[in-house]
$ cat final37.pdb   # PDB, C-alpha atoms
ATOM      1  CA  MET A  27      -0.661-136.319  27.750  1.00  0.00           C
ATOM      2  CA  GLY A  28       0.745-139.582  29.171  1.00  0.00           C
ATOM      3  CA  SER A  29       3.455-141.840  27.887  1.00  0.00           C
ATOM      4  CA  THR A  30       2.873-144.747  25.550  1.00  0.00           C
ATOM      5  CA  TRP A  31       3.831-148.079  27.084  1.00  0.00           C
ATOM      6  CA  TRP A  32       4.431-151.260  25.100  1.00  0.00           C
ATOM      7  CA  VAL A  33       3.923-154.876  26.050  1.00  0.00           C
ATOM      8  CA  VAL A  34       6.283-157.157  24.150  1.00  0.00           C
ATOM      9  CA  ILE A  35       6.163-160.964  24.098  1.00  0.00           C
ATOM     10  CA  GLU A  36       9.452-162.679  23.319  1.00  0.00           C
ATOM     11  CA  GLU A  37       9.333-166.419  22.771  1.00  0.00           C
ATOM     12  CA  GLN A  38      12.015-169.042  22.785  1.00  0.00           C
ATOM     13  CA  GLY A  39      12.205-171.008  19.554  1.00  0.00           C
ATOM     14  CA  GLY A  40      14.404-173.545  17.817  1.00  0.00           C
ATOM     15  CA  THR A  41      15.752-176.830  19.100  1.00  0.00           C
ATOM     16  CA  GLY A  42      18.715-178.008  21.144  1.00  0.00           C
ATOM     17  CA  ASP A  43      21.651-175.593  21.128  1.00  0.00           C
ATOM     18  CA  GLY A  44      19.937-173.621  18.346  1.00  0.00           C
ATOM     19  CA  ARG A  45      17.300-172.158  20.647  1.00  0.00           C
ATOM     20  CA  GLY A  46      16.965-168.414  20.418  1.00  0.00           C
ATOM     21  CA  TRP A  47      14.613-165.569  21.294  1.00  0.00           C
ATOM     22  CA  SER A  48      12.433-163.525  18.965  1.00  0.00           C
ATOM     23  CA  VAL A  49       9.582-161.044  19.295  1.00  0.00           C
ATOM     24  CA  ALA A  50       6.233-162.809  18.908  1.00  0.00           C
ATOM     25  CA  ASP A  51       3.954-159.819  19.541  1.00  0.00           C
ATOM     26  CA  ALA A  52       4.115-156.164  20.581  1.00  0.00           C
ATOM     27  CA  ALA A  53       1.307-153.723  21.303  1.00  0.00           C
ATOM     28  CA  PRO A  54       1.101-150.133  22.607  1.00  0.00           C
ATOM     29  CA  TYR A  55      -1.030-149.012  25.562  1.00  0.00           C
ATOM     30  CA  PRO A  56      -1.924-145.475  26.694  1.00  0.00           C
ATOM     31  CA  GLY A  57      -0.459-145.828  30.195  1.00  0.00           C
ATOM     32  CA  ARG A  58       1.752-147.939  32.432  1.00  0.00           C
ATOM     33  CA  ASP A  59      -1.092-149.253  34.616  1.00  0.00           C
ATOM     34  CA  ILE A  60      -3.027-150.553  31.614  1.00  0.00           C
ATOM     35  CA  ALA A  61       0.137-152.102  30.127  1.00  0.00           C
ATOM     36  CA  GLU A  62       1.009-153.787  33.436  1.00  0.00           C
ATOM     37  CA  GLY A  63      -2.451-155.319  33.669  1.00  0.00           C
ATOM     38  CA  GLU A  64      -2.248-156.651  30.111  1.00  0.00           C
ATOM     39  CA  ALA A  65       1.270-158.005  30.700  1.00  0.00           C
ATOM     40  CA  TYR A  66       0.050-159.951  33.737  1.00  0.00           C
ATOM     41  CA  LEU A  67      -2.879-161.428  31.794  1.00  0.00           C
ATOM     42  CA  LEU A  68      -0.566-162.437  28.956  1.00  0.00           C
ATOM     43  CA  ALA A  69       1.873-164.066  31.389  1.00  0.00           C
ATOM     44  CA  LYS A  70      -0.981-166.205  32.720  1.00  0.00           C
ATOM     45  CA  GLN A  71      -2.841-166.882  29.461  1.00  0.00           C
ATOM     46  CA  HIS A  72      -0.491-166.621  26.443  1.00  0.00           C
ATOM     47  CA  ARG A  73      -0.088-169.949  24.657  1.00  0.00           C
ATOM     48  CA  PRO A  74       3.290-170.193  22.949  1.00  0.00           C
ATOM     49  CA  PRO A  75       3.656-172.640  20.034  1.00  0.00           C
ATOM     50  CA  ARG A  76       5.691-174.972  22.269  1.00  0.00           C
ATOM     51  CA  PRO A  77       5.450-177.120  24.220  1.00  0.00           C
ATOM     52  CA  TRP A  78       2.715-178.971  22.367  1.00  0.00           C
ATOM     53  CA  SER A  79       1.381-180.598  25.547  1.00  0.00           C
ATOM     54  CA  PRO A  80       1.847-178.106  28.396  1.00  0.00           C
ATOM     55  CA  GLN A  81       1.891-179.715  31.844  1.00  0.00           C
ATOM     56  CA  GLY A  82       2.265-176.609  33.981  1.00  0.00           C
ATOM     57  CA  ARG A  83       3.264-172.942  34.091  1.00  0.00           C
ATOM     58  CA  THR A  84       5.396-170.915  36.483  1.00  0.00           C
ATOM     59  CA  VAL A  85       5.118-167.107  36.281  1.00  0.00           C
ATOM     60  CA  LEU A  86       8.027-165.101  37.695  1.00  0.00           C
ATOM     61  CA  ARG A  87       7.765-161.352  38.176  1.00  0.00           C
ATOM     62  CA  VAL A  88      10.984-159.652  37.100  1.00  0.00           C
ATOM     63  CA  SER A  89      11.908-155.967  37.139  1.00  0.00           C
ATOM     64  CA  ASP A  90      10.445-155.173  33.718  1.00  0.00           C
ATOM     65  CA  GLY A  91       7.632-157.728  33.366  1.00  0.00           C
ATOM     66  CA  TYR A  92       7.368-161.508  33.636  1.00  0.00           C
ATOM     67  CA  LEU A  93       9.392-164.576  32.776  1.00  0.00           C
ATOM     68  CA  VAL A  94       7.161-167.597  32.209  1.00  0.00           C
ATOM     69  CA  LEU A  95       8.324-171.224  32.315  1.00  0.00           C
ATOM     70  CA  VAL A  96       6.023-173.668  30.555  1.00  0.00           C
ATOM     71  CA  LYS A  97       6.699-177.308  31.348  1.00  0.00           C
ATOM     72  CA  GLY A  98       6.032-179.833  28.616  1.00  0.00           C
ATOM     73  CA  LYS A  99       6.243-183.621  28.685  1.00  0.00           C
ATOM     74  CA  THR A 100       9.986-183.651  28.027  1.00  0.00           C
ATOM     75  CA  ASP A 101      11.253-180.077  28.258  1.00  0.00           C
ATOM     76  CA  VAL A 102      10.697-176.597  29.663  1.00  0.00           C
ATOM     77  CA  TRP A 103      10.072-173.645  27.323  1.00  0.00           C
ATOM     78  CA  GLN A 104      10.223-169.988  28.257  1.00  0.00           C
ATOM     79  CA  PHE A 105       8.696-166.730  27.153  1.00  0.00           C
ATOM     80  CA  ARG A 106       8.990-163.175  28.423  1.00  0.00           C
ATOM     81  CA  VAL A 107       6.374-160.472  28.695  1.00  0.00           C
ATOM     82  CA  THR A 108       8.220-157.168  28.931  1.00  0.00           C
ATOM     83  CA  LEU A 109       7.014-153.617  29.577  1.00  0.00           C
ATOM     84  CA  GLY A 110       8.713-150.693  27.890  1.00  0.00           C
ATOM     85  CA  GLU A 111       8.050-146.982  27.743  1.00  0.00           C
ATOM     86  CA  GLN A 112       8.252-145.442  24.280  1.00  0.00           C
ATOM     87  CA  VAL A 113      10.804-142.623  24.330  1.00  0.00           C
ATOM     88  CA  GLY A 114      11.000-141.643  20.673  1.00  0.00           C
ATOM     89  CA  GLY A 115       9.731-141.934  17.115  1.00  0.00           C
TER      90      GLY A 115
END
$ encode --input "final37.pdb" --output "structure tokens"
Amino acid sequence: MGSTWWVVIEEQGGTGDGRGWSVADAAPYPGRDIAEGEAYLLAKQHRPPRPWSPQGRTVLRVSDGYLVLVKGKTDVWQFRVTLGEQVGG
């Protein structure tokens, strides 16, 4: 039996110096390949609550998933799509 892999979306929230990160969604998948495919789709298609008027998106592949920069009219917002292998409980 294979490992369970999770895809976790962490979004930036708050304003100004009060910006922080929190988990927006997490879902298990029956294998790494399936989880990687879903993570890529989410990096390209996930619509975070901000910015309200997205102007563009840059997707960066990092060692454990993707970092996505979403440019708005006045600011840039980020979210992460991370892969993780379940190792217990």
$ resolve_selection --input "final37.pdb" --expression "the PyMOL selection byres ((chain A and resi 49-57) around 9)" --output "list in words"
Gly28, Ser29, Thr30, Trp31, Trp32, Val33, Val34, Ile35, Glu36, Glu37, Trp47, Ser48, Arg58, Asp59, Ile60, Ala61, Glu62, Glu64, Pro74, Glu111 and Gln112 of chain A
$ resolve_selection --input "final37.pdb" --expression "the PyMOL selection byres ((chain A and resi 89) around 12)" --output "list in words"
Glu62, Leu86, Arg87, Val88, Asp90, Gly91, Tyr92, Leu93, Arg106, Val107, Thr108, Leu109 and Gly110 of chain A
$ atom_distance --input "final37.pdb" --atom1 "atom CA of A:Ser79" --atom2 "atom CA of A:Ala65"
23.2 Å
$ resolve_selection --input "final37.pdb" --expression "the PyMOL selection byres ((chain A and resi 95-100) around 9)" --output "number ranges by chain"
A: 74, 76-86, 93-94, 101-106
$ axis_aligned_box --input "final37.pdb" --around "stretch 100-104 of chain A" --padding-each-side "5 Å" --output "AutoDock Vina command-line options"
--center_x 10.6 --center_y -176.8 --center_z 28.5 --size_x 11.3 --size_y 23.7 --size_z 12.3
